[in-house]
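*Asks:* Can you keep this structure in mind? I'll have questions shortly.
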Amino acid sequence: MSDFPGFGGALYPLFSQPLYCAGDVLSDSIVNHVTNLSFYHDPMEMNGQNSDEQMLLDGCPELKALVEKHLNFYVYTILKIDKKYRLQHHCSWATKHLTGDKAHKHSHCNSVFSGVVYIKTTPGCGKIAFHNDGFRPTYITPTLQPDLTEHNIYNSTEWTLEPQDGMIVLFPSTLEHSVDKNMDFEARYSVAFNYWLHGSYGSNTNRLTV
Ligand SMILES: [Fe+2]
């Protein structure tokens, strides 16, 4: 960003949709576990295949430990959520995308935090894109879409990441995302997961324990 005019300049990207991205090492046993699962075709056309297994992380403790290492850091260290709230895995599955497969725009319901780990990727296997849902205006109403000279974290309503083997991405489950078409001839494998945040919330007239 350019230098600010005057002195003491700062820009605060308020009220975030915190998107976490990191890399980690996947063992051969994790990769073999995921790529040897059985898959069914998603009912939506060219939307890829999902594993029959829907509690995948419970059957692959090594991958679950890797996911929770990053998720704990994201939730408790970065977002500073009190540790009295307990993260619990509720659902996890693998996705297999063959040539031409993509994922339509969606968010994850019945979940608080979600994420994806990339198990097997190739350079043309399709980026993941995160979208502003349009219900929450950011710096400008969705009615106006001014041309920009450059996209950055402050002015974008869409943000893409290029998957790599071992990349882990975490986000609030309400954040809409989609996956570009796999343009490569090799299958792309990833594992997605949903977590809930258990505990006691609020007090008096807004108390909730879940
Ligand atoms: Fe998703």
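Residues in the structure tokens are named by chain (A, B, ... in the order shown) and by number from 1 within that chain; ligands are numbered from 1 in the order shown.
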Using only C-alpha atoms and all ligand atoms, I'd like a table of the residues in chain A that come within 8 Å of ligand 1; for each, show the closest atom pair and its distance in Å rounded to one decimal, ordered by chain and ascending number, as a tab-separated table.
*Replies:*
residue	atom	partner	partner_atom_place_in_ligand_line	distance
A:Ala103	CA	ligand 1	1 (Fe)	7.9
A:His106	CA	ligand 1	1 (Fe)	6.3
A:Ser107	CA	ligand 1	1 (Fe)	5.9
A:His108	CA	ligand 1	1 (Fe)	6.2
A:Ser114	CA	ligand 1	1 (Fe)	7.8
A:Gly115	CA	ligand 1	1 (Fe)	7.5
A:Val116	CA	ligand 1	1 (Fe)	7.6
A:Glu176	CA	ligand 1	1 (Fe)	7.9
A:His177	CA	ligand 1	1 (Fe)	6.4
A:Ser178	CA	ligand 1	1 (Fe)	7.1
A:Ala192	CA	ligand 1	1 (Fe)	6.8
*Asks:* Kindly export the residues of the current selection with C-alpha atoms, as an mmCIF file, in the first residue's frame.
*Replies:*
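Once everything was written out, this is selection_6.cif:
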data_model
loop_
_atom_site.group_PDB
_atom_site.id
_atom_site.type_symbol
_atom_site.label_atom_id
_atom_site.label_comp_id
_atom_site.auth_asym_id
_atom_site.auth_seq_id
_atom_site.Cartn_x
_atom_site.Cartn_y
_atom_site.Cartn_z
ATOM 1 C CA ALA A 103 -17.790 -26.965 -6.610
ATOM 2 C CA HIS A 106 -21.955 -22.837 -0.983
ATOM 3 C CA SER A 107 -21.447 -22.414 2.744
ATOM 4 C CA HIS A 108 -21.503 -25.084 5.460
ATOM 5 C CA SER A 114 -15.095 -25.273 8.669
ATOM 6 C CA GLY A 115 -12.029 -25.985 6.631
ATOM 7 C CA VAL A 116 -10.330 -28.049 4.007
ATOM 8 C CA GLU A 176 -19.424 -18.698 0.959
ATOM 9 C CA HIS A 177 -16.906 -20.441 -1.275
ATOM 10 C CA SER A 178 -16.623 -22.277 -4.572
ATOM 11 C CA ALA A 192 -13.404 -30.944 4.307
#
*Asks:* For segment 39-47 of chain A, please output as a tab-separated table (two decimals) with C-alpha atoms, in the first residue's frame all residues within 10 Å (counting only C-alpha atoms; exclusion window: fewer than 2 positions along the same chain).
*Replies:*
chain	number	residue	atom	x	y	z
A	35	THR	CA	-7.35	-41.77	-1.92
A	36	ASN	CA	-8.50	-45.33	-1.17
A	37	LEU	CA	-11.92	-44.32	0.18
A	49	GLN	CA	-17.55	-36.94	-5.80
A	50	ASN	CA	-17.82	-37.16	-2.02
A	51	SER	CA	-16.65	-40.00	0.19
A	52	ASP	CA	-19.24	-42.35	1.63
A	53	GLU	CA	-17.38	-41.81	4.91
A	93	TRP	CA	-15.55	-36.07	4.25
A	94	ALA	CA	-13.24	-36.35	1.26
A	95	THR	CA	-13.90	-34.82	-2.13
A	96	LYS	CA	-12.57	-36.17	-5.40
A	97	HIS	CA	-12.60	-33.90	-8.45
A	98	LEU	CA	-11.90	-35.38	-11.86
A	99	THR	CA	-11.27	-33.31	-15.01
A	100	GLY	CA	-14.06	-30.74	-15.42
A	101	ASP	CA	-15.39	-31.11	-11.86
A	102	LYS	CA	-15.91	-28.00	-9.75
A	103	ALA	CA	-17.79	-26.96	-6.61
A	104	HIS	CA	-20.70	-24.56	-6.82
A	179	VAL	CA	-13.99	-24.31	-6.40
A	181	LYS	CA	-13.00	-26.45	-12.57
*Asks:* Please report the interatomic distance between atom CA of Trp196 of chain A and atom CA of Thr138 of chain A in Å with one decimal.
*Replies:*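 Taking atom CA of Trp196 of chain A as the start and atom CA of Thr138 of chain A as the end point, the length is 26.7 Å.
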*Asks:* Using only C-alpha atoms, which of A:Ala129, A:Ile168, A:Leu11, A:Val112 sits nearest Leu197 of chain A?
*Replies:* A:Val112
*Asks:* Write out as a list in words each polymer residue whose atoms come within 9 Å of Pro18 of chain A, counting only C-alpha atoms; drop sequence neighbours fewer than 3 positions from it.
*Replies:*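 In the requested format, the answer is Leu79, Leu170, Phe171 and Pro172 of chain A.
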*Asks:* Pull N, CA and C atoms from the residues just selected and write them as an mmCIF file, in the first residue's frame.
*Replies:*
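Saved result, again19.cif, follows:
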data_model
loop_
_atom_site.group_PDB
_atom_site.id
_atom_site.type_symbol
_atom_site.label_atom_id
_atom_site.label_comp_id
_atom_site.auth_asym_id
_atom_site.auth_seq_id
_atom_site.Cartn_x
_atom_site.Cartn_y
_atom_site.Cartn_z
ATOM 1 N N LEU A 79 -8.152 -15.860 17.049
ATOM 2 C CA LEU A 79 -9.463 -15.244 17.294
ATOM 3 C C LEU A 79 -9.722 -14.987 18.784
ATOM 4 N N LEU A 170 -8.905 -22.604 6.818
ATOM 5 C CA LEU A 170 -9.952 -22.589 7.849
ATOM 6 C C LEU A 170 -10.752 -21.303 7.724
ATOM 7 N N PHE A 171 -12.056 -21.379 8.031
ATOM 8 C CA PHE A 171 -12.903 -20.189 7.856
ATOM 9 C C PHE A 171 -14.197 -20.360 8.654
ATOM 10 N N PRO A 172 -14.879 -19.245 8.945
ATOM 11 C CA PRO A 172 -16.202 -19.363 9.573
ATOM 12 C C PRO A 172 -17.125 -20.105 8.606
#
*Asks:* Mind checking DSSP for segment 29-196 of chain A and telling me the helix (DSSP H, G or I) residues as a list in words?
*Replies:*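 Taking segment 29-196 of chain A and keeping helix (DSSP H, G or I) only, one gets Ser29, Ile30, Val31, Asn32, His33, Val34, Thr35, Leu56, Leu57, Asp58, Gly59, Pro61, Glu62, Leu63, Lys64, Ala65, Leu66, Val67, Glu68, Lys69, His70, Leu71, Asn72, Phe73, Tyr74, Val75, Tyr76, Thr77 and Ile78 of chain A.
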*Asks:* Apply DSSP to the backbone of this structure and, from segment 26-86 of chain A, keep only the residues in strand (DSSP E or B); write these as a PyMOL selection string.
*Replies:* chain A and resi 39-41+49-51+55+86
*Asks:* Would you please work out which residue, of A:Leu148, A:Ala22, A:Val34, A:Cys60, is nearest to Phe73 of chain A when using only C-alpha atoms?
*Replies:*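 Comparing A:Leu148, A:Ala22, A:Val34, A:Cys60 against Phe73 of chain A, the winner is A:Ala22.
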*Asks:* Could you work out how far atom CA of Ile128 of chain A lies from atom CA of Ile78 of chain A, giving the answer in Å with one decimal?
*Replies:*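 Going from atom CA of Ile78 of chain A over to atom CA of Ile128 of chain A, I get 22.3 Å.
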*Asks:* Ranking A:Thr205, A:Thr157, A:Asn152, A:Asn32 by minimum distance to Tyr189 of chain A and counting only C-alpha atoms, which one comes first?
*Replies:*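 Using only C-alpha atoms, Tyr189 of chain A sits closest to A:Asn32.
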*Asks:* For the atom pair atom CA of Ser27 of chain A and atom CA of Tyr76 of chain A, what is the interatomic distance in Å to one decimal place?
*Replies:*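 It comes out at 26.2 Å.
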